[in-house]
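Encoded as structure tokens, the structure appears first; notes follow it.
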Amino acid sequence: MLPEISDLINRSAVFLPGDPARGGRIALWQADGTGTGARPWTGAGSFEELTVVTPDLRRTPVRALVLTIDEALPVLTRARTRAETAADSGSTAFWGAAALLALRFAAQGKLLPGVSPAGHDAWRIGPLEAVDLDEVRALAAAMPPAARCVPIDPEGALDLQGPPRLPAAEPLLRAFLDAVADTLPRSPAAPAAAGGPAFAARPAERRPDLREWAAEVAAGHDAGARLSLRIELTREPGRAPQAAGAAGARAAAEADGATTASEAAGRAGGFRAVLQMHSPADAALVADAADVWAGSGAAAAAFPPGARLDALRALRRAARLWPPLAPLLGAAVPDSVELADEEVTELLGEAAAALAADGVQVHWPRGLVRGLTPRAVVGPPSPTRPGSPDTQDTAGSSLPSGLLSPGALLSFSWRHALGDRGDLTPAELDRLAEANRPLVRLRDQWVLIDPAEARRARALQDRTVAAVDALAAVLTGSAKIDGERVAVEASGAVERLRARLTGDAREDEGIAAPPGLRASLRDYQLRGLRWLARMTSLGLGACLADDMGLGKTVTLIALHLHRNRPGAATAGPTLVVCPASLLGNWEREIEKFAPGTPVRRFHGPARSLAGPTPGAGEFVLTTYGTMRLDAPALAATDWGLVVADEAQHVKNPHSSTAKALRTVPARARVALTGTPVENDLSELWAVLDWTTPGILGRLGTFRARYAEPVESGRDPQAAVRLAALVRPFLLRRKKSDPGIAPELPPKTETDHAVSLTGEQTALYEAVVRETLAAIAEADGMERRGLVVKLLTSLKQICNHPAQYLKEEQPRLPHRSGKLALLDELLDTIVAEGGSVLVFTQYVTMARLIERHLSARGIASQLLHGGTPVARREELVDRFQAGEVPVFLLSLKAAGTGLNLTRAGHVVHFDRWWNPAVEEQATDRAYRIGQTQPVQVHHIIAEGTVEDRIARLLERKRALADAVLAGGESALTELTDAELAELVALRPAAGSGR
């Protein structure tokens, strides 16, 4: 145990360098010369006699507590934090500040391998940029005398006889930074990461054989010199090579591949690369290598004697990366090298990038325009070349017919900008491509361009692509063409479409609630109606992804009435596909908000669309199961609108339900869901690819382009592009959004931790022990099955032993901590005249609770997946009427579509693996129409796998609008050790176990 921080703040501290750097130590002592406070010392470190220099320059022996770097780091950093408010921060706080600086450098990856003077392998801090060096120097200047008060002689040994000599502040600070750098990377796993024991193992290892290699590494980063290449023109731009008379000019033109002497003058130009040296200690210090070799000039004289050797080492590394530099290695003075055109071309591409990665920058002459800036302009197909007047679509008020019909094509018209001089004409682009040289004179400027880039730019010209692909590029503002991401703009009708989709156009602001609607739409619902009307009028699909309870149903009914309003073009009937439990709710809502609107159910054994076919303005309601069975019959009707309610039911595009739904044609499609993404982004693709086929591309392409980069976090810009692409087609509002539902009462969520009973504890530990042993011997699908079985068994044990043991006539009281807490909650709620929803993912557990409550005389009712539709509606009506105070519900069967605003309490008896599903269930009570505060209770078995899952759910809830992990299936991929850590039973706080 280390001393109290309050003791350390008032101590003196000094750094004692070591070889290797990780052998350095921190010494701490009291002002009275002792190493500890009043209490006996039993902590880390050791005591040593140390001689220090006092402020009056006297040597004084002290008894110091000496800590290794890894022992000292937590002490120093915490002391620094506490010292920020102390009157005297002292030397301990100074080394704390140094420790924080070293940790920051290490976190930024500023670590370089090296070999110590004694031949040990050692990590060190580097390379440091100019701003880093300034920070190090500023901190060194603030070093208090006590932080460097151990005297040294020139050889580094203690000198007790002569006048005291103290170490210089900056070298001592740099030695400490290196000591931290040499300590941090060394761990048991480091040898595998480092490829061997050197620079990984903690014990000192002598590796003098690596000294030359380490010197070469240093030469490429932060030794006595850094290199750069200054590219120069060897002929003056605009002036032809010297030749005698007109004949000479013609000869030069022919040699240069030009047709006239004037064109030859415009294209002539040679290059050379001049080697420059930069001081790593001073970014402003730069000199030509020739001057450093000659020792001429103030800048050259400032380089240390070993700078030339460091420069040659760095040059050797650079020549391996780019062989044209090799002649400099054999030159007496490495001054410059002449470059051929193809070598200049290499420097315009990968060669410069490889050199820069090794610390060698390439500097081009000022005044040259480097490369072209491409962008694509999307518009209707045109046979003309880019830049011609015929490609400019005139603005109009309506979109061209069939613009987004299947098979429609749009063209990419490429523009290539030249510096700040605007777009190139086709003739200029031709000239760049045909020159086949890296330097071309154009518009009175020298253009430096890779000839391959110029040819590629000319070859692009007009490209015809599918309309949905072009629209996706316009919405995201970029497209990846031939591996390169380029900016994309829209023109003409496509620009007008983009403006309407993104809300920049205002054509739909005049849309009001239809006259036949018997409801007052809230502002956000009216905005939703206008958005849906705009999208469906364009023939595009839409996904309304409002939180449960915000009124998606009434918004859709208003859309149906708007599309079939008097004077509007006939929109045709609307087909609503929904879960069976919602058929009655849809019928009641239509009768309530749109009385007189024809509505029929296509469900049950007597279902039929024969006779009068569905007419314009009619609603037809069916279930996903019926739709899957009778898709051909439904596909025979000319639907104006097809609505998929609770569209997460078709989130698997390969399911038979999703495939059947795609076969039902419609003029427009709308998906309604509160959870557009439950598990991964492929579910979002499935929903939007049904509403607007092709807008997200093929599933495999979508996974590679968006889902994998977003889910892995490796490409933040992919998330930005995906959001821009999805935003026009998906409207997402939450209850918590400002102004969405301010009339909703507050919602309070509480986690109730309960202890396991003795019986539950014994069962839990036995199942963990036996199943982990079986898992250790299994692999493949067998192992995954055992993991799922383990997790399910543990959750059932946490609920009640009777559920896990499958007892037929169980004794329920006093065996489950969860059931005991539920009794307490229900006693209070029922006594206050309240109503409560109790959700569990297990029907078996719901029946046990129902039986238990019946024995206690508490009225309850149960709804699960097997409850018939008519019975569901009866149960909802009874609960809403206040006839039954406790409603037990199976989580998946009753998590959507029900209006249960009678409840002021929601109890989650066990935890689902996905917070979105739990929130859907809670939203049965917390929705528009709720007038009382809602209390949400999560019952969690303390110290169990449920406890760990509860913490995971909190993190997943923070990511609910991005990517959610895959639940139990993801946990099957845990290693044996990780799984054991997850399911291990931990003692409850204060239990004494």
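Chain labels A, B, ... are given in the sequence in which chains occur in the structure tokens; within each chain residues are numbered consecutively from 1, and ligands are likewise numbered from 1 in the order shown.
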
- prompt: Where does DSSP see strand (DSSP E or B) in range 418-601 of chain A, if you list the residues as a ChimeraX atom specification?
  reply: /A:423,439-442,445-448,462-466,478-481,484-490,542-544,574-578,599-601

- request: Based on DSSP run over this structure's backbone, return all residues of range 413-632 of chain A in helix (DSSP H, G or I), as a PyMOL selection string.
  value: chain A and resi 426-435+451-460+467-476+492-501+507-510+523-537+552-563+580-593+624-629+631-632

Just to be explicit: take each residue in the selection above, keep C-alpha atoms, and write the result as a CSV table (one decimal), in the first residue's frame.
chain,number,residue,atom,x,y,z
A,426,PRO,CA,-13.0,19.4,-72.9
A,427,ALA,CA,-10.2,20.7,-75.2
A,428,GLU,CA,-8.0,21.6,-72.2
A,429,LEU,CA,-8.6,18.2,-70.7
A,430,ASP,CA,-7.7,16.6,-74.0
A,431,ARG,CA,-4.4,18.6,-74.1
A,432,LEU,CA,-3.5,17.5,-70.5
A,433,ALA,CA,-4.2,13.8,-71.4
A,434,GLU,CA,-2.3,13.9,-74.7
A,435,ALA,CA,0.8,15.7,-73.4
A,451,PRO,CA,-0.3,11.7,-66.8
A,452,ALA,CA,-2.3,8.7,-65.8
A,453,GLU,CA,-4.6,11.0,-63.8
A,454,ALA,CA,-5.1,13.2,-66.8
A,455,ARG,CA,-6.0,10.2,-69.0
A,456,ARG,CA,-8.3,8.9,-66.3
A,457,ALA,CA,-10.0,12.3,-66.1
A,458,ARG,CA,-10.6,12.4,-69.9
A,459,ALA,CA,-11.8,8.8,-69.9
A,460,LEU,CA,-14.5,9.5,-67.3
A,467,ALA,CA,-31.1,6.7,-61.0
A,468,VAL,CA,-31.2,5.4,-57.5
A,469,ASP,CA,-27.4,5.2,-57.4
A,470,ALA,CA,-27.1,8.7,-58.7
A,471,LEU,CA,-29.7,9.9,-56.2
A,472,ALA,CA,-27.7,8.2,-53.4
A,473,ALA,CA,-24.5,10.0,-54.6
A,474,VAL,CA,-26.4,13.4,-54.7
A,475,LEU,CA,-27.8,12.9,-51.1
A,476,THR,CA,-24.4,11.9,-49.6
A,492,GLY,CA,-31.8,20.4,-63.2
A,493,ALA,CA,-34.5,18.0,-62.2
A,494,VAL,CA,-32.3,16.0,-60.0
A,495,GLU,CA,-31.4,19.1,-58.0
A,496,ARG,CA,-35.1,19.9,-57.6
A,497,LEU,CA,-35.7,16.4,-56.4
A,498,ARG,CA,-32.8,16.7,-53.9
A,499,ALA,CA,-34.3,20.0,-52.6
A,500,ARG,CA,-37.7,18.4,-52.1
A,501,LEU,CA,-36.2,15.3,-50.4
A,507,GLU,CA,-44.0,22.8,-52.0
A,508,ASP,CA,-45.7,20.8,-49.2
A,509,GLU,CA,-46.2,23.6,-46.6
A,510,GLY,CA,-49.8,24.1,-47.7
A,523,ASP,CA,-47.4,19.9,-34.9
A,524,TYR,CA,-45.0,17.0,-35.2
A,525,GLN,CA,-47.8,14.8,-36.6
A,526,LEU,CA,-48.7,17.4,-39.2
A,527,ARG,CA,-45.0,17.6,-40.2
A,528,GLY,CA,-45.0,13.8,-40.5
A,529,LEU,CA,-48.1,13.9,-42.7
A,530,ARG,CA,-46.5,16.5,-45.0
A,531,TRP,CA,-43.4,14.4,-45.2
A,532,LEU,CA,-45.3,11.2,-46.1
A,533,ALA,CA,-47.4,13.1,-48.6
A,534,ARG,CA,-44.3,14.5,-50.3
A,535,MET,CA,-42.5,11.1,-50.5
A,536,THR,CA,-45.5,9.1,-51.7
A,537,SER,CA,-46.4,11.8,-54.3
A,552,LYS,CA,-48.0,6.8,-36.2
A,553,THR,CA,-51.4,5.2,-36.8
A,554,VAL,CA,-53.4,8.5,-36.9
A,555,THR,CA,-50.7,10.0,-39.1
A,556,LEU,CA,-51.1,7.2,-41.6
A,557,ILE,CA,-54.8,7.5,-41.6
A,558,ALA,CA,-54.5,11.2,-42.3
A,559,LEU,CA,-52.1,10.3,-45.2
A,560,HIS,CA,-54.7,7.9,-46.6
A,561,LEU,CA,-57.4,10.6,-46.5
A,562,HIS,CA,-55.1,13.2,-48.0
A,563,ARG,CA,-54.2,10.9,-51.0
A,580,ALA,CA,-52.5,-10.2,-35.6
A,581,SER,CA,-52.7,-8.4,-32.3
A,582,LEU,CA,-53.1,-5.1,-34.0
A,583,LEU,CA,-56.0,-5.8,-36.4
A,584,GLY,CA,-58.6,-4.7,-33.9
A,585,ASN,CA,-56.6,-1.6,-33.0
A,586,TRP,CA,-56.4,-0.5,-36.6
A,587,GLU,CA,-60.1,-1.1,-37.2
A,588,ARG,CA,-61.1,0.9,-34.1
A,589,GLU,CA,-58.6,3.7,-34.9
A,590,ILE,CA,-60.0,4.1,-38.5
A,591,GLU,CA,-63.6,4.1,-37.3
A,592,LYS,CA,-62.6,6.7,-34.6
A,593,PHE,CA,-60.5,9.1,-36.7
A,624,TYR,CA,-48.1,-10.9,-41.8
A,625,GLY,CA,-49.0,-14.6,-41.6
A,626,THR,CA,-52.0,-14.2,-43.9
A,627,MET,CA,-50.0,-12.0,-46.4
A,628,ARG,CA,-47.3,-14.7,-46.5
A,629,LEU,CA,-49.9,-17.3,-47.4
A,631,ALA,CA,-49.4,-13.0,-51.4
A,632,PRO,CA,-50.5,-13.9,-55.0
